[in-house]
Amino acid sequence: MRRLDRHGLPLSTTSDLAAGCYREGVDLLLSAWPGAAEALEEAIAADPDFALAHAARARLHAIRAEPAKARERIATAAELVARHGTEREQSHVEVLSLAINGQPARALERALAHADTWPRDVLILSLPLGAFGLFAFSGMADHDQARVDLCERHARHYDANDWWFLTYRGWAHAENGEVSRGRALLQRAYELRKNNANAVHALTHAMFEGGAGEDAETLIAGWLPGYDRAGILHGHIAWHAALVALERGDPERALALYAEHVQPSVSAGMPINVVSDAASLLWRLRAYGHTVPAGLWEPVAAYAGRAFPKAGFAFMDAHLALLEAATGDRSAVERRAEALTSLVEAGTLAAGPVVPAICRAALAFAEEDYAGCVRILAPVAAEVVRIGGSGAQREVVEDTLLVALMRSGEAAKARALLDRRLHHRPSPRDTRWLGLLTP
């Protein structure tokens with residue numbers, strides 16, 4: 001009797017228990033729900049030779065920023081799949097191995113080829129699709145469109161009620177500007193599986209991008225208490241509620257959410273989220289003219305230094321520069337910008353010159369050289385998308401440019417940027433700012 005995954009693909013295991021635990025573990029992994037590690041370990045205990053269970057466990061280690069454990073697990077999977085895996089399973093493990101072992105460009109190429117042959121292999125199809133996926137961190141300027149294209153190419157292979165595919169398809173459309181379509185898909189995904197943090201997260205994005213901040217706050221307030229703090233998106237989803245609070249001019253609420261859910265001492269999220277959420281929220285508070293209480297920046301900087309000791313990860317470099325600039329560490333920002341410039345010159349930084357530019361602009365802003373910030377940032381503003389992440393995450397850079405325009409006396413340019421933003425998304429904050437600039 002053949003054992004199958006949830007999408008009908010054969011599994012090379014002799015154990016019904018292992019197959020069942022694997023299906024559960026992958027579903028929990030893809031919904032960012034606690035319990036995935038335990039389910040996959042049960043699958044491995046039931047069949048120690050089950051290569052795909054080891055591979056999924058490796059993927060989970062990678063998500064949790066445990067690279068040594070991820071490499072060890074994927075090496076085990078590779079040994080096992082070479083002995084008794086199918087062609088699909090061998091390709092599956094190969095793609096994950098490339099991603100885990102620091103070869104993202106090759107991993108993306110192989111993932112796309114794999115999906116063309118086995119489009120229902122969801123763990124592999126998921127790799128290019130997230131805000132931190134292979135497309136987002138490829139350095140591409142059109143990665144939002146690339147996600148949509150990939151989902152639409154394979155949509156015919158998925159049932160209309162597949163909660164996983166609805167989540168990723170809806171997210172792709174919402175991020176690419178088709179907010180209403182994306183929100184409808186995501187609402188359906190959420191209704192089909194409420195214990196799906198990825199759907200709630202993506203739905204929050206769609207609401208935010210559509211100017212429905214109150215809807216996002218209501219969703220988060222009603223859902224987040226039922227999501228264990230061990231869930232990797234717990235703090236990040238609370239961060240979205242804090243952004244909405246800032247949009248409507250309520251810094252006290254934003255700070256309360258930060259203290260309860262977002263700051264490093266209370267968040268069990270992925271380090272990439274912990275650092276970027278904390279740094280960008282505190283930076284926004286300061287940039288918008290609110291007071292950041294004493295003692296908040298330093299713990300974030302200490303955590304970030306341990307988690308990301310080297311330059312070269314574009315998305316994080318942008319956020320680390322915000323931290324360094326805000327704490328007055330001019331030399332650290334300059335060293336980071338110089339290291340990134342060297343990588344650009346060597347052709348090894350996919351996101352390109354926009355990354356060191358963001359670093360230098362952040363330093364100028366923090367030192368109140370707003371005209372200098374504008375000179376650095378305005379020419380590369382269209383390239384910020386290349387650092388990856390989501391639109392909501394990258395918006396902190398545009399906010400920095402906008403405030404710098406206002407404070408350097410560039411009222412006409414600030415009004416033009418605000419007008420464009422307000423045509424994209426209703427925003428009480430941007431409306432207030434535009435009122436201040438209107439003659």
# chains A, B, ... in the order shown; residues from 1 in each chain; ligands from 1
>>> select_by_dssp(residues="stretch 255-365 of chain A", states="alpha helix (DSSP H)", output="PyMOL selection string")
chain A and resi 255-257+271-287+297-307+314-326+330-346+354-365
>>> residues_around(residues="A:Phe137", least_positions_apart="3", cutoff="7 Å", atoms="only C-alpha atoms", output="list in words")
Phe132, Gly133, Leu134, Ile387 and Gly388 of chain A
>>> atom_distance(atom1="atom CA of A:Thr76", atom2="atom CA of A:Arg120")
24.0 Å
>>> closest_atom_pairs(of="stretch 309-388 of chain A", to="stretch 270-291 of chain A", cutoff="10 Å", atoms="only C-alpha atoms", output="Markdown table")
| residue | atom | partner | partner_atom | distance |
| --- | --- | --- | --- | --- |
| A:Phe315 | CA | A:Ser276 | CA | 8.5 |
| A:Met316 | CA | A:Ser276 | CA | 6.9 |
| A:Asp317 | CA | A:Ser276 | CA | 9.7 |
| A:Ala318 | CA | A:Ser276 | CA | 8.9 |
| A:His319 | CA | A:Ser276 | CA | 5.7 |
| A:Leu320 | CA | A:Ala279 | CA | 7.5 |
| A:Ala321 | CA | A:Ala279 | CA | 9.3 |
| A:Leu322 | CA | A:Ala279 | CA | 6.6 |
| A:Leu323 | CA | A:Ala279 | CA | 5.9 |
| A:Glu324 | CA | A:Ala279 | CA | 9.7 |
| A:Ala325 | CA | A:Trp283 | CA | 9.7 |
| A:Ala326 | CA | A:Trp283 | CA | 7.4 |
| A:Ala362 | CA | A:Trp283 | CA | 9.8 |
| A:Phe365 | CA | A:Ala287 | CA | 8.8 |
| A:Ala366 | CA | A:Ala287 | CA | 8.8 |
>>> write_last_selection(atoms="N, CA and C atoms", output="PDB file, in the first residue's frame")
ATOM      1  N   PHE A 315      18.298  42.811   3.396  1.00  0.00           N
ATOM      2  CA  PHE A 315      17.136  43.195   4.187  1.00  0.00           C
ATOM      3  C   PHE A 315      17.536  43.532   5.610  1.00  0.00           C
ATOM      4  N   MET A 316      18.384  42.692   6.190  1.00  0.00           N
ATOM      5  CA  MET A 316      18.799  42.946   7.564  1.00  0.00           C
ATOM      6  C   MET A 316      19.774  44.102   7.660  1.00  0.00           C
ATOM      7  N   ASP A 317      20.640  44.266   6.671  1.00  0.00           N
ATOM      8  CA  ASP A 317      21.571  45.398   6.710  1.00  0.00           C
ATOM      9  C   ASP A 317      20.825  46.720   6.774  1.00  0.00           C
ATOM     10  N   ALA A 318      19.723  46.837   6.034  1.00  0.00           N
ATOM     11  CA  ALA A 318      18.942  48.063   6.074  1.00  0.00           C
ATOM     12  C   ALA A 318      18.416  48.327   7.486  1.00  0.00           C
ATOM     13  N   HIS A 319      17.937  47.287   8.148  1.00  0.00           N
ATOM     14  CA  HIS A 319      17.392  47.460   9.494  1.00  0.00           C
ATOM     15  C   HIS A 319      18.491  47.636  10.544  1.00  0.00           C
ATOM     16  N   LEU A 320      19.596  46.946  10.363  1.00  0.00           N
ATOM     17  CA  LEU A 320      20.702  47.118  11.304  1.00  0.00           C
ATOM     18  C   LEU A 320      21.272  48.528  11.213  1.00  0.00           C
ATOM     19  N   ALA A 321      21.273  49.103  10.008  1.00  0.00           N
ATOM     20  CA  ALA A 321      21.732  50.488   9.865  1.00  0.00           C
ATOM     21  C   ALA A 321      20.809  51.448  10.611  1.00  0.00           C
ATOM     22  N   LEU A 322      19.509  51.173  10.607  1.00  0.00           N
ATOM     23  CA  LEU A 322      18.587  52.003  11.395  1.00  0.00           C
ATOM     24  C   LEU A 322      18.953  51.949  12.872  1.00  0.00           C
ATOM     25  N   LEU A 323      19.229  50.747  13.363  1.00  0.00           N
ATOM     26  CA  LEU A 323      19.614  50.588  14.768  1.00  0.00           C
ATOM     27  C   LEU A 323      20.898  51.342  15.086  1.00  0.00           C
ATOM     28  N   GLU A 324      21.907  51.144  14.254  1.00  0.00           N
ATOM     29  CA  GLU A 324      23.210  51.772  14.502  1.00  0.00           C
ATOM     30  C   GLU A 324      23.113  53.286  14.420  1.00  0.00           C
ATOM     31  N   ALA A 325      22.368  53.783  13.446  1.00  0.00           N
ATOM     32  CA  ALA A 325      22.213  55.226  13.312  1.00  0.00           C
ATOM     33  C   ALA A 325      21.446  55.812  14.493  1.00  0.00           C
ATOM     34  N   ALA A 326      20.388  55.122  14.900  1.00  0.00           N
ATOM     35  CA  ALA A 326      19.561  55.637  15.995  1.00  0.00           C
ATOM     36  C   ALA A 326      20.304  55.660  17.318  1.00  0.00           C
ATOM     37  N   ALA A 362      20.180  56.597   6.386  1.00  0.00           N
ATOM     38  CA  ALA A 362      19.735  56.464   7.776  1.00  0.00           C
ATOM     39  C   ALA A 362      20.632  57.267   8.707  1.00  0.00           C
ATOM     40  N   PHE A 365      19.855  60.959   8.318  1.00  0.00           N
ATOM     41  CA  PHE A 365      18.585  61.281   8.966  1.00  0.00           C
ATOM     42  C   PHE A 365      18.766  61.367  10.479  1.00  0.00           C
ATOM     43  N   ALA A 366      19.430  60.364  11.059  1.00  0.00           N
ATOM     44  CA  ALA A 366      19.611  60.346  12.513  1.00  0.00           C
ATOM     45  C   ALA A 366      20.415  61.547  12.987  1.00  0.00           C
TER      46      ALA A 366
END
>>> residues_around(residues="stretch 402-413 of chain A", least_positions_apart="5", cutoff="9 Å", atoms="only C-alpha atoms", output="ChimeraX atom specification")
/A:287-288,365,368-374,397,418,433,437-438
>>> residues_around(residues="A:Val244", least_positions_apart="5", cutoff="9 Å", atoms="only C-alpha atoms", output="ChimeraX atom specification")
/A:208,213-214,216-217,239,249-250,254
>>> residues_around(residues="A:Tyr158", least_positions_apart="4", cutoff="10 Å", atoms="only C-alpha atoms", output="ChimeraX atom specification")
/A:7,119-120,154,162-166
>>> closest_residue(among="A:Leu96, A:Ala242, A:Ala51, A:Val266", to="A:Leu11", atoms="only C-alpha atoms")
A:Ala51
>>> residues_around(residues="A:Arg57", least_positions_apart="5", cutoff="12 Å", atoms="only C-alpha atoms", output="count of residues only")
37
>>> closest_residue(among="A:Val179, A:Ser267, A:Ser331, A:Leu436", to="A:Arg415", atoms="only C-alpha atoms")
A:Leu436
>>> closest_residue(among="A:Leu186, A:Leu349, A:Val380, A:Leu257", to="A:Arg169", atoms="only C-alpha atoms")
A:Leu186
>>> closest_residue(among="A:Asp228, A:Glu252, A:Glu367, A:Glu178", to="A:Ala197", atoms="only C-alpha atoms")
A:Asp228
>>> atom_distance(atom1="atom CA of A:Ser126", atom2="atom CA of A:Ala351")
21.5 Å
>>> closest_residue(among="A:Leu363, A:Gly211, A:Ser15, A:Gly435", to="A:His423", atoms="only C-alpha atoms")
A:Gly211
